[in-house]
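**Q** I'm passing along protein-v9.tsv; it holds TSV, C-alpha atoms and all ligand atoms.
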```tsv
chain	number	residue	atom	x	y	z
A	7	MET	CA	27.85	-16.34	-5.77
A	8	ALA	CA	25.68	-13.33	-4.94
A	9	GLN	CA	26.48	-10.73	-2.32
A	10	ILE	CA	23.95	-11.23	0.48
A	11	ILE	CA	22.14	-7.99	1.31
A	12	ASP	CA	22.06	-7.88	5.10
A	13	GLY	CA	18.78	-6.17	6.00
A	14	LYS	CA	19.42	-6.62	9.73
A	15	ALA	CA	22.72	-4.74	9.53
A	16	ARG	CA	21.22	-1.92	7.45
A	17	ALA	CA	18.22	-1.64	9.79
A	18	LYS	CA	20.55	-1.43	12.80
A	19	GLU	CA	22.49	1.38	11.15
A	20	LEU	CA	19.26	3.26	10.38
A	21	ARG	CA	17.91	2.74	13.91
A	22	LYS	CA	21.07	4.33	15.31
A	23	SER	CA	20.69	7.52	13.27
A	24	LEU	CA	16.93	7.54	13.89
A	25	LYS	CA	17.53	7.41	17.65
A	26	GLU	CA	19.67	10.52	17.38
A	27	ARG	CA	17.05	12.31	15.25
A	28	VAL	CA	14.35	11.39	17.80
A	29	ARG	CA	16.54	12.81	20.58
A	30	VAL	CA	16.85	16.11	18.71
A	31	PHE	CA	13.07	16.17	18.09
A	32	LYS	CA	12.40	15.66	21.81
A	33	GLU	CA	14.84	18.38	22.77
A	34	ARG	CA	13.20	20.82	20.37
A	35	THR	CA	9.54	20.03	21.12
A	36	GLY	CA	9.62	18.71	24.70
A	37	HIS	CA	7.83	15.47	23.77
A	38	ALA	CA	8.40	12.18	21.97
A	39	PRO	CA	7.03	11.20	18.56
A	40	GLY	CA	4.12	8.79	19.12
A	41	LEU	CA	2.80	5.78	17.20
A	42	GLY	CA	-0.76	4.57	17.87
A	43	VAL	CA	-1.08	0.83	17.25
A	44	LEU	CA	-4.41	-0.94	16.66
A	45	LEU	CA	-4.32	-4.73	16.89
A	46	VAL	CA	-7.57	-6.63	16.48
A	47	GLY	CA	-7.79	-10.17	17.90
A	48	GLU	CA	-4.91	-12.49	18.65
A	49	ASP	CA	-3.56	-13.69	15.31
A	50	PRO	CA	-0.08	-14.94	16.35
A	51	ALA	CA	1.77	-13.61	13.27
A	52	SER	CA	0.20	-10.15	13.66
A	53	ALA	CA	1.00	-10.16	17.39
A	54	VAL	CA	4.67	-10.89	16.60
A	55	TYR	CA	4.84	-8.11	13.97
A	56	VAL	CA	3.26	-5.63	16.37
A	57	ARG	CA	5.54	-6.63	19.23
A	58	ASN	CA	8.61	-6.16	17.00
A	59	LYS	CA	7.41	-2.73	15.93
A	60	GLU	CA	6.65	-1.66	19.51
A	61	ARG	CA	10.04	-2.91	20.78
A	62	ALA	CA	11.78	-1.02	18.00
A	63	CYS	CA	9.83	2.12	19.00
A	64	GLU	CA	11.02	1.76	22.58
A	65	LYS	CA	14.66	1.33	21.52
A	66	THR	CA	14.63	4.50	19.45
A	67	GLY	CA	12.71	6.70	21.88
A	68	ILE	CA	9.38	6.75	20.02
A	69	ARG	CA	6.34	6.22	22.25
A	70	SER	CA	3.92	3.51	21.20
A	71	PHE	CA	0.30	3.48	22.32
A	72	HIS	CA	-0.97	-0.09	22.07
A	73	HIS	CA	-4.69	-0.69	21.63
A	74	GLN	CA	-5.63	-4.39	21.86
A	75	LEU	CA	-9.13	-4.77	20.41
A	76	ALA	CA	-11.59	-7.65	20.69
A	77	ILE	CA	-11.82	-10.00	17.72
A	78	ASP	CA	-15.58	-9.28	17.40
A	79	ILE	CA	-15.25	-5.46	17.41
A	80	SER	CA	-17.70	-3.72	15.06
A	81	GLN	CA	-16.86	-1.42	12.16
A	82	GLN	CA	-18.33	1.52	14.06
A	83	GLN	CA	-16.27	0.82	17.18
A	84	MET	CA	-13.16	0.62	14.98
A	85	GLU	CA	-14.04	3.97	13.45
A	86	GLU	CA	-14.33	5.46	16.94
A	87	CYS	CA	-10.88	4.11	17.90
A	88	ILE	CA	-9.35	5.64	14.78
A	89	ASP	CA	-11.11	8.96	15.42
A	90	LYS	CA	-9.63	9.06	18.94
A	91	LEU	CA	-6.10	8.48	17.63
A	92	ASN	CA	-6.65	11.06	14.87
A	93	ALA	CA	-7.52	13.62	17.57
A	94	ASP	CA	-4.78	12.63	20.04
A	95	PRO	CA	-1.92	15.20	19.97
A	96	GLN	CA	0.52	12.62	21.38
A	97	VAL	CA	-0.03	10.37	18.36
A	98	HIS	CA	1.77	11.32	15.13
A	99	GLY	CA	1.45	8.03	13.26
A	100	ILE	CA	-1.27	5.35	13.26
A	101	LEU	CA	-0.72	1.68	12.50
A	102	LEU	CA	-3.76	-0.49	11.80
A	103	GLN	CA	-2.30	-4.01	11.75
A	104	LEU	CA	-3.66	-6.11	8.88
A	105	PRO	CA	-5.27	-8.53	8.18
A	106	LEU	CA	-8.55	-7.73	9.93
A	107	PRO	CA	-11.29	-10.22	10.87
A	108	ALA	CA	-13.99	-10.88	8.26
A	109	GLN	CA	-16.68	-8.58	9.79
A	110	LEU	CA	-14.43	-5.53	9.26
A	111	ASP	CA	-13.96	-3.71	5.98
A	112	ALA	CA	-10.32	-2.59	5.91
A	113	ALA	CA	-10.48	-0.03	3.06
A	114	PRO	CA	-12.81	2.54	4.72
A	115	LEU	CA	-10.91	2.15	8.01
A	116	LEU	CA	-7.58	2.87	6.32
A	117	GLU	CA	-9.21	5.86	4.66
A	118	ARG	CA	-10.45	7.12	8.02
A	119	ILE	CA	-6.90	7.54	9.29
A	120	LEU	CA	-5.89	11.18	8.73
A	121	PRO	CA	-3.50	11.27	5.74
A	122	GLU	CA	-1.03	13.27	7.89
A	123	LYS	CA	-0.94	10.42	10.47
A	124	ASP	CA	-0.87	7.60	7.92
A	125	ALA	CA	2.56	6.20	8.89
A	126	ASP	CA	1.96	3.07	6.80
A	127	GLY	CA	1.25	5.12	3.68
A	128	PHE	CA	-1.88	3.12	2.76
A	129	HIS	CA	-4.34	6.06	2.51
A	130	PRO	CA	-5.51	6.66	-1.09
A	131	VAL	CA	-4.51	10.34	-0.77
A	132	ASN	CA	-0.94	9.31	0.02
A	133	ALA	CA	-0.95	6.64	-2.71
A	134	GLY	CA	-2.06	9.37	-5.14
A	135	ARG	CA	0.65	11.75	-3.93
A	136	LEU	CA	3.24	9.03	-4.47
A	137	SER	CA	2.03	8.43	-8.01
A	138	VAL	CA	2.31	12.15	-8.92
A	139	GLY	CA	5.67	12.53	-7.17
A	140	GLN	CA	4.58	14.75	-4.25
A	141	PRO	CA	6.15	14.41	-0.78
A	142	THR	CA	4.08	11.91	1.18
A	143	PHE	CA	4.08	8.89	3.47
A	144	VAL	CA	5.33	5.95	1.40
A	145	PRO	CA	4.52	2.35	2.46
A	146	CYS	CA	7.29	0.93	4.63
A	147	THR	CA	8.18	-2.33	2.87
A	148	PRO	CA	8.65	-0.64	-0.53
A	149	LEU	CA	10.80	2.06	1.12
A	150	GLY	CA	12.89	-0.69	2.71
A	151	CYS	CA	13.38	-2.47	-0.64
A	152	ILE	CA	14.63	0.66	-2.42
A	153	ASP	CA	16.87	1.55	0.52
A	154	LEU	CA	18.52	-1.90	0.40
A	155	LEU	CA	19.13	-1.62	-3.34
A	156	LEU	CA	20.69	1.84	-3.08
A	157	TRP	CA	22.68	0.90	0.04
A	158	SER	CA	24.12	-2.06	-1.88
A	159	GLY	CA	25.20	0.24	-4.71
A	160	VAL	CA	22.80	-1.21	-7.31
A	161	THR	CA	22.20	1.18	-10.23
A	162	LEU	CA	18.49	1.75	-10.70
A	163	GLU	CA	18.57	4.47	-13.34
A	164	GLY	CA	17.99	2.82	-16.70
A	165	ALA	CA	17.80	-0.69	-15.17
A	166	ASP	CA	15.22	-3.24	-16.33
A	167	ALA	CA	13.23	-3.86	-13.15
A	168	VAL	CA	10.57	-6.53	-12.76
A	169	VAL	CA	8.15	-6.49	-9.81
A	170	VAL	CA	6.19	-9.69	-9.22
A	171	GLY	CA	3.02	-8.80	-7.30
A	172	ARG	CA	0.71	-5.79	-7.69
A	173	SER	CA	-0.82	-5.29	-4.24
A	174	ASN	CA	-1.55	-1.74	-3.12
A	175	ILE	CA	0.74	-2.08	-0.12
A	176	VAL	CA	3.78	-3.75	-1.69
A	177	GLY	CA	3.93	-4.34	-5.46
A	178	LYS	CA	2.40	-1.11	-6.80
A	179	PRO	CA	4.29	1.33	-4.52
A	180	ILE	CA	7.58	-0.50	-5.19
A	181	ALA	CA	6.95	-0.08	-8.91
A	182	GLN	CA	6.29	3.65	-8.36
A	183	LEU	CA	9.52	4.09	-6.41
A	184	LEU	CA	11.57	2.20	-9.02
A	185	LEU	CA	10.03	4.37	-11.72
A	186	ALA	CA	10.95	7.49	-9.74
A	187	GLU	CA	14.55	6.21	-9.59
A	188	GLY	CA	14.61	5.98	-13.39
A	189	ALA	CA	14.19	2.20	-13.82
A	190	THR	CA	12.15	0.69	-16.66
A	191	VAL	CA	9.50	-1.20	-14.73
A	192	THR	CA	7.42	-4.26	-15.58
A	193	ILE	CA	4.75	-5.36	-13.09
A	194	CYS	CA	3.78	-9.06	-13.14
A	195	HIS	CA	0.82	-10.73	-11.42
A	196	SER	CA	-1.31	-13.86	-11.47
A	197	LYS	CA	-2.50	-13.19	-15.04
A	198	THR	CA	1.00	-12.68	-16.47
A	199	ARG	CA	1.38	-15.12	-19.36
A	200	ASP	CA	5.00	-16.21	-19.07
A	201	LEU	CA	6.40	-15.21	-15.70
A	202	ALA	CA	9.72	-17.01	-16.22
A	203	GLU	CA	10.37	-15.07	-19.41
A	204	GLN	CA	9.67	-11.73	-17.66
A	205	VAL	CA	11.89	-12.61	-14.70
A	206	ARG	CA	14.76	-13.65	-16.99
A	207	ARG	CA	14.96	-10.05	-18.31
A	208	ALA	CA	15.21	-8.49	-14.85
A	209	GLU	CA	18.37	-6.69	-13.81
A	210	VAL	CA	16.46	-5.81	-10.66
A	211	LEU	CA	13.86	-8.30	-9.45
A	212	ILE	CA	11.38	-7.74	-6.63
A	213	ALA	CA	9.36	-10.78	-5.57
A	214	ALA	CA	6.23	-9.91	-3.57
A	215	VAL	CA	3.78	-12.76	-4.09
A	216	GLY	CA	3.48	-14.89	-0.95
A	217	ARG	CA	4.15	-18.30	-2.53
A	218	PRO	CA	7.09	-20.32	-1.21
A	219	GLU	CA	10.04	-20.38	-3.64
A	220	MET	CA	7.84	-19.97	-6.70
A	221	ILE	CA	10.55	-17.98	-8.49
A	222	ARG	CA	13.00	-20.63	-9.64
A	223	GLY	CA	16.72	-20.06	-9.35
A	224	ASP	CA	17.35	-20.75	-13.04
A	225	TRP	CA	15.01	-17.87	-14.02
A	226	ILE	CA	17.39	-15.32	-12.46
A	227	ARG	CA	19.41	-13.21	-14.87
A	228	PRO	CA	23.12	-13.61	-14.09
A	229	GLY	CA	24.27	-10.66	-11.93
A	230	ALA	CA	20.72	-9.47	-11.12
A	231	ALA	CA	19.80	-7.78	-7.84
A	232	VAL	CA	17.05	-9.85	-6.17
A	233	ILE	CA	14.86	-8.50	-3.38
A	234	ASP	CA	12.64	-11.17	-1.85
A	235	VAL	CA	9.71	-9.64	0.02
A	236	GLY	CA	7.80	-12.90	0.53
A	237	ILE	CA	7.37	-14.37	4.00
A	238	ASN	CA	6.04	-17.92	3.81
A	239	ARG	CA	5.79	-20.24	6.80
A	240	LEU	CA	6.17	-23.91	5.89
A	241	ASP	CA	4.54	-26.83	7.73
A	242	ASP	CA	7.79	-27.54	9.60
A	243	GLY	CA	7.71	-23.98	11.01
A	244	SER	CA	10.56	-22.68	8.87
A	245	ILE	CA	10.22	-19.43	6.93
A	246	VAL	CA	11.14	-19.08	3.26
A	247	GLY	CA	10.75	-16.33	0.69
A	248	ASP	CA	9.19	-16.30	-2.77
A	249	VAL	CA	12.56	-17.02	-4.43
A	250	GLU	CA	14.38	-20.35	-4.48
A	251	PHE	CA	17.25	-18.91	-2.47
A	252	GLU	CA	20.26	-21.20	-2.96
A	253	ALA	CA	19.85	-21.62	-6.70
A	254	ALA	CA	19.08	-17.91	-7.17
A	255	ALA	CA	22.08	-16.86	-5.08
A	256	ALA	CA	24.33	-18.92	-7.37
A	257	ARG	CA	23.32	-16.69	-10.32
A	258	ALA	CA	22.42	-13.30	-8.84
A	259	GLY	CA	24.77	-10.40	-8.12
A	260	TYR	CA	22.90	-9.42	-4.94
A	261	ILE	CA	20.13	-11.14	-3.00
A	262	THR	CA	18.20	-10.61	0.25
A	263	PRO	CA	17.78	-13.56	2.60
A	264	VAL	CA	14.45	-14.50	4.23
A	265	PRO	CA	14.35	-13.91	7.13
A	266	GLY	CA	16.84	-11.08	7.71
A	267	GLY	CA	16.36	-9.15	4.47
A	268	VAL	CA	13.34	-6.93	3.89
A	269	GLY	CA	11.53	-7.72	7.18
A	270	PRO	CA	13.76	-5.66	9.54
A	271	MET	CA	13.70	-2.78	7.05
A	272	THR	CA	9.89	-2.60	7.12
A	273	VAL	CA	9.99	-1.98	10.86
A	274	VAL	CA	12.63	0.75	10.75
A	275	LYS	CA	10.87	2.54	7.85
A	276	LEU	CA	7.67	2.64	9.93
A	277	LEU	CA	9.60	4.39	12.69
A	278	GLU	CA	11.19	6.82	10.24
A	279	ASN	CA	7.74	7.60	8.84
A	280	THR	CA	6.42	8.20	12.36
A	281	LEU	CA	9.23	10.66	13.13
A	282	GLU	CA	8.77	12.45	9.80
A	283	GLY	CA	5.02	12.69	10.46
A	284	ALA	CA	5.75	14.16	13.89
A	285	ILE	CA	8.16	16.72	12.41
A	286	ARG	CA	5.58	17.77	9.78
A	287	ILE	CA	2.81	18.10	12.39
A	288	GLU	CA	5.04	20.17	14.71
A	289	GLU	CA	6.22	22.44	11.87
A	290	HIS	CA	2.61	23.00	10.86
A	291	LYS	CA	1.78	23.99	14.47
A	292	LEU	CA	4.70	26.44	14.52
A	293	GLN	CA	3.52	28.05	11.28
A	294	ALA	CA	-0.09	28.33	12.48
B	301	LIG	P1	-1.07	-10.00	-1.81
B	301	LIG	O1	-1.63	-11.37	-1.62
B	301	LIG	O2	-1.91	-8.82	-1.54
B	301	LIG	O3	-0.55	-9.88	-3.33
B	301	LIG	C1	0.12	-10.93	-3.95
B	301	LIG	C2	0.38	-10.58	-5.39
B	301	LIG	O4	1.01	-11.71	-6.00
B	301	LIG	C3	-0.88	-10.28	-6.20
B	301	LIG	O5	-0.68	-9.14	-6.98
B	301	LIG	C4	-1.06	-11.52	-7.07
B	301	LIG	O6	-1.58	-11.26	-8.36
B	301	LIG	C5	0.39	-11.98	-7.24
B	301	LIG	N1	0.43	-13.41	-7.57
B	301	LIG	C6	-0.22	-14.42	-6.96
B	301	LIG	N2	0.06	-15.59	-7.59
B	301	LIG	C7	0.90	-15.29	-8.59
B	301	LIG	C8	1.53	-16.07	-9.60
B	301	LIG	N3	1.35	-17.39	-9.68
B	301	LIG	N4	2.32	-15.44	-10.48
B	301	LIG	C9	2.52	-14.10	-10.42
B	301	LIG	N5	1.94	-13.32	-9.48
B	301	LIG	C10	1.14	-13.91	-8.59
B	301	LIG	O7	0.26	-9.99	-0.95
B	301	LIG	P2	1.14	-8.74	-0.38
B	301	LIG	O8	1.56	-7.87	-1.52
B	301	LIG	O9	0.48	-8.15	0.78
B	301	LIG	O10	2.41	-9.55	0.17
B	301	LIG	C11	3.25	-10.31	-0.68
B	301	LIG	C12	4.23	-11.10	0.16
B	301	LIG	O11	5.04	-10.19	0.87
B	301	LIG	C13	3.60	-11.99	1.23
B	301	LIG	O12	4.40	-13.16	1.37
B	301	LIG	C14	3.70	-11.19	2.49
B	301	LIG	O13	3.78	-11.99	3.65
B	301	LIG	C15	5.02	-10.50	2.26
B	301	LIG	N6	5.17	-9.23	2.98
B	301	LIG	C16	6.36	-9.04	3.60
B	301	LIG	C17	6.61	-7.89	4.29
B	301	LIG	C18	7.95	-7.71	4.91
B	301	LIG	O14	8.10	-6.87	5.76
B	301	LIG	N7	8.96	-8.46	4.48
B	301	LIG	C19	5.58	-6.84	4.43
B	301	LIG	C20	4.39	-7.08	3.65
B	301	LIG	C21	4.20	-8.26	2.98
B	301	LIG	P3	-3.11	-10.76	-8.60
B	301	LIG	O15	-3.11	-9.30	-8.23
B	301	LIG	O16	-3.32	-10.99	-10.05
B	301	LIG	O17	-3.97	-11.60	-7.71
```
Could you spell out this file's structure in structure tokens?
**A**
Amino acid sequence: MAQIIDGKARAKELRKSLKERVRVFKERTGHAPGLGVLLVGEDPASAVYVRNKERACEKTGIRSFHHQLAIDISQQQMEECIDKLNADPQVHGILLQLPLPAQLDAAPLLERILPEKDADGFHPVNAGRLSVGQPTFVPCTPLGCIDLLLWSGVTLEGADAVVVGRSNIVGKPIAQLLLAEGATVTICHSKTRDLAEQVRRAEVLIAAVGRPEMIRGDWIRPGAAVIDVGINRLDDGSIVGDVEFEAAAARAGYITPVPGGVGPMTVVKLLENTLEGAIRIEEHKLQA
């Protein structure tokens, strides 16, 4: 039976040390790190994610500046909101909660966020920096996945790692981080010919698809470390991951539960990114 990787416990531990780092930052600079949050419309799932992030900010001493925007806001009005946060000295990180309503084009809005305030790490400049190994903002969910693997003592150097999913915000950056840790990485997606065969080779498996339990338990390599990023709400209201949990746990060496695995880590990594952004901005001011 696999060891369950407790994302809630790890996130709590990280929040504690973050709180102390925030305290030191405040003492040194006289102000708190700030996260500007843009939420468009009232999608219930997005509202819950944002509330969790803002509560976590409060608990660690980071200020959050919530901007609730009308569902029919125009692209230009969105640009103006981003420009204001870019110029606001109290804001060190900007979160544009996705998905956006159909009239808005997310890519140019994400690109409008200053790379040095891009706490989510979605800006193409930061994605490029990650791919060439320069210090940068790294997307929060991928950071959380790697943290959980290392915290659990999983060896990444030389490991055969398989990432299922190739989105810009989850799959691709996870693959980059695994590569940087020395893993041999395979990225699978909807056009992959034999997914089961790829998954069977994985010593480290990351599932980031968004399809309930599509990765069957009997595909899991015995002893593998399995990180399930998927969050899928079923008709009965319950939440399951992309991996068939019970059957996979019977074969794996390590596995994250859903909920309680990657989710809490995403939130704490956003806060860590915000603090690091604030430190970089302050250091830059001191040097100027
Ligand atoms: P996307 O929809 O952007 O990407 C899904 C990926 O899965 C795509 O690359 C797609 O391939 C691939 N895919 C779809 N069907 C298959 C298939 N049958 N076989 C293999 N690959 C397939 O999703 P995200 O990356 O944004 O999110 C993935 C999941 O992670 C979602 O459930 C989301 O809710 C969850 N999530 C969880 C977070 C957390 O904090 N725990 C944070 C962010 C996301 P292709 O590119 O070919 O279309």
**Q** What does the distance from CA of Val144 (chain A) to CA of Leu184 (chain A) come to in Å, to one decimal?
**A**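 Here the two named atoms are 12.7 Å from each other.
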**Q** Of the residues A:Ala255, A:Ile245, A:Leu185, A:Ala125, which is the one nearest to ligand LIG 301 (chain B), using all atoms listed in the file?
**A**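 Selected residue with least distance to ligand LIG 301 (chain B): A:Ile245.
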**Q** Give the answer as one residue: which of A:Thr190, A:Gly236, A:Gln140, A:Ile88 has the shortest atom-to-atom distance to Glu117 (chain A), using all atoms listed in the file?
**A**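 Using all atoms listed in the file, the shortest distance to Glu117 (chain A) belongs to A:Ile88.
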**Q** Restrict the calculation to all atoms listed in the file, then for each residue of chain A with any atom at most 8 Å from an atom of ligand LIG 301 (chain B) give the closest atom pair and their distance in Å to one decimal, rows by chain and rising residue number, as a tab-separated table.
**A**
```
residue	atom	partner	partner_atom	distance
A:Cys146	CA	B:LIG301	O14	7.9
A:Thr147	CA	B:LIG301	O14	5.4
A:Val170	CA	B:LIG301	N5	5.6
A:Gly171	CA	B:LIG301	C2	3.7
A:Arg172	CA	B:LIG301	O5	3.7
A:Ser173	CA	B:LIG301	O8	4.4
A:Asn174	CA	B:LIG301	O8	7.1
A:Ile175	CA	B:LIG301	O8	6.0
A:Val176	CA	B:LIG301	O8	4.7
A:Gly177	CA	B:LIG301	O8	5.8
A:Cys194	CA	B:LIG301	C9	5.9
A:His195	CA	B:LIG301	N5	3.4
A:Ser196	CA	B:LIG301	O16	3.8
A:Lys197	CA	B:LIG301	O16	5.5
A:Thr198	CA	B:LIG301	C9	6.4
A:Leu201	CA	B:LIG301	N4	6.6
A:Ala213	CA	B:LIG301	C12	7.7
A:Ala214	CA	B:LIG301	C11	4.2
A:Val215	CA	B:LIG301	O4	3.5
A:Gly216	CA	B:LIG301	O12	3.0
A:Arg217	CA	B:LIG301	O12	6.5
A:Met220	CA	B:LIG301	N3	7.6
A:Asp234	CA	B:LIG301	N7	7.8
A:Val235	CA	B:LIG301	N7	4.7
A:Gly236	CA	B:LIG301	O12	3.5
A:Ile237	CA	B:LIG301	O12	4.1
A:Asn238	CA	B:LIG301	O12	5.6
A:Gly247	CA	B:LIG301	O12	7.1
A:Asp248	CA	B:LIG301	O12	7.1
A:Gly267	CA	B:LIG301	N7	7.4
A:Val268	CA	B:LIG301	N7	4.7
A:Gly269	CA	B:LIG301	N7	3.8
A:Pro270	CA	B:LIG301	O14	6.9
A:Met271	CA	B:LIG301	O14	7.1
A:Thr272	CA	B:LIG301	O14	4.8
A:Val273	CA	B:LIG301	O14	7.3
```
**Q** Counting all atoms listed in the file, figure out which residue out of A:Ala230, A:Val30, A:Val249, A:Val274 gets nearest to Pro145 (chain A).
**A**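 Nearest to Pro145 (chain A): A:Val274.
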**Q** Quote the spacing between CA of Arg239 (chain A) and CA of Pro50 (chain A) in Å to one decimal place.
**A**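 It comes out at 12.4 Å.
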**Q** For Tyr260 (chain A), list every protein, DNA or RNA residue within 10 Å, evaluated using all atoms listed in the file, and leave out those in the same chain fewer than 5 positions away; present the list as a PDB file with C-alpha atoms, in the frame of the given file.
**A**
```pdb
ATOM      1  CA  MET A   7      27.850 -16.340  -5.770  1.00  0.00           C
ATOM      2  CA  ALA A   8      25.680 -13.330  -4.940  1.00  0.00           C
ATOM      3  CA  GLN A   9      26.480 -10.730  -2.320  1.00  0.00           C
ATOM      4  CA  ILE A  10      23.950 -11.230   0.480  1.00  0.00           C
ATOM      5  CA  ILE A  11      22.140  -7.990   1.310  1.00  0.00           C
ATOM      6  CA  LEU A 155      19.130  -1.620  -3.340  1.00  0.00           C
ATOM      7  CA  SER A 158      24.120  -2.060  -1.880  1.00  0.00           C
ATOM      8  CA  GLY A 159      25.200   0.240  -4.710  1.00  0.00           C
ATOM      9  CA  VAL A 160      22.800  -1.210  -7.310  1.00  0.00           C
ATOM     10  CA  VAL A 210      16.460  -5.810 -10.660  1.00  0.00           C
ATOM     11  CA  GLY A 229      24.270 -10.660 -11.930  1.00  0.00           C
ATOM     12  CA  ALA A 230      20.720  -9.470 -11.120  1.00  0.00           C
ATOM     13  CA  ALA A 231      19.800  -7.780  -7.840  1.00  0.00           C
ATOM     14  CA  VAL A 232      17.050  -9.850  -6.170  1.00  0.00           C
ATOM     15  CA  ILE A 233      14.860  -8.500  -3.380  1.00  0.00           C
ATOM     16  CA  ALA A 254      19.080 -17.910  -7.170  1.00  0.00           C
ATOM     17  CA  ALA A 255      22.080 -16.860  -5.080  1.00  0.00           C
TER      18      ALA A 255
END
```
**Q** If you count all atoms listed in the file, which residues fall within 10 Å of Leu276 (chain A), apart from same-chain ones fewer than 5 positions away, as a PyMOL selection string?
**A** chain A and resi 41+59+62-63+99-101+125-127+143-147+149-150+271+281-282
**Q** May I ask for the distance between CA of Asp153 (chain A) and CA of Ile221 (chain A), given in Å to one decimal place?
**A**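 Between CA of Asp153 (chain A) and CA of Ile221 (chain A) the gap is 22.4 Å.
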**Q** Can you tell me which residues surround region 102-104 of chain A at a distance of at most 8 Å, considering all atoms listed in the file, apart from same-chain residues fewer than 6 positions away, and format the answer as number ranges by chain?
**A** A: 43-46, 52, 56, 116
**Q** Measuring between all atoms listed in the file, which one of A:Gly139, A:Gly13, A:Gly243, A:Gly223 shows the shortest distance to Ala258 (chain A)?
**A** A:Gly223
**Q** Using only C-alpha atoms, which of the listed residues (A:Asp78, A:Glu209, A:Glu278, A:Asp12) sits closest to Ala165 (chain A)?
**A**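 Nearest candidate to Ala165 (chain A) out of A:Asp78, A:Glu209, A:Glu278, A:Asp12: A:Glu209.
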**Q** Which one is closest to Pro141 (chain A): A:Pro105, A:Ala189, A:Arg286, A:Lys178? Count only C-alpha atoms.
**A**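 Closest candidate: A:Arg286.
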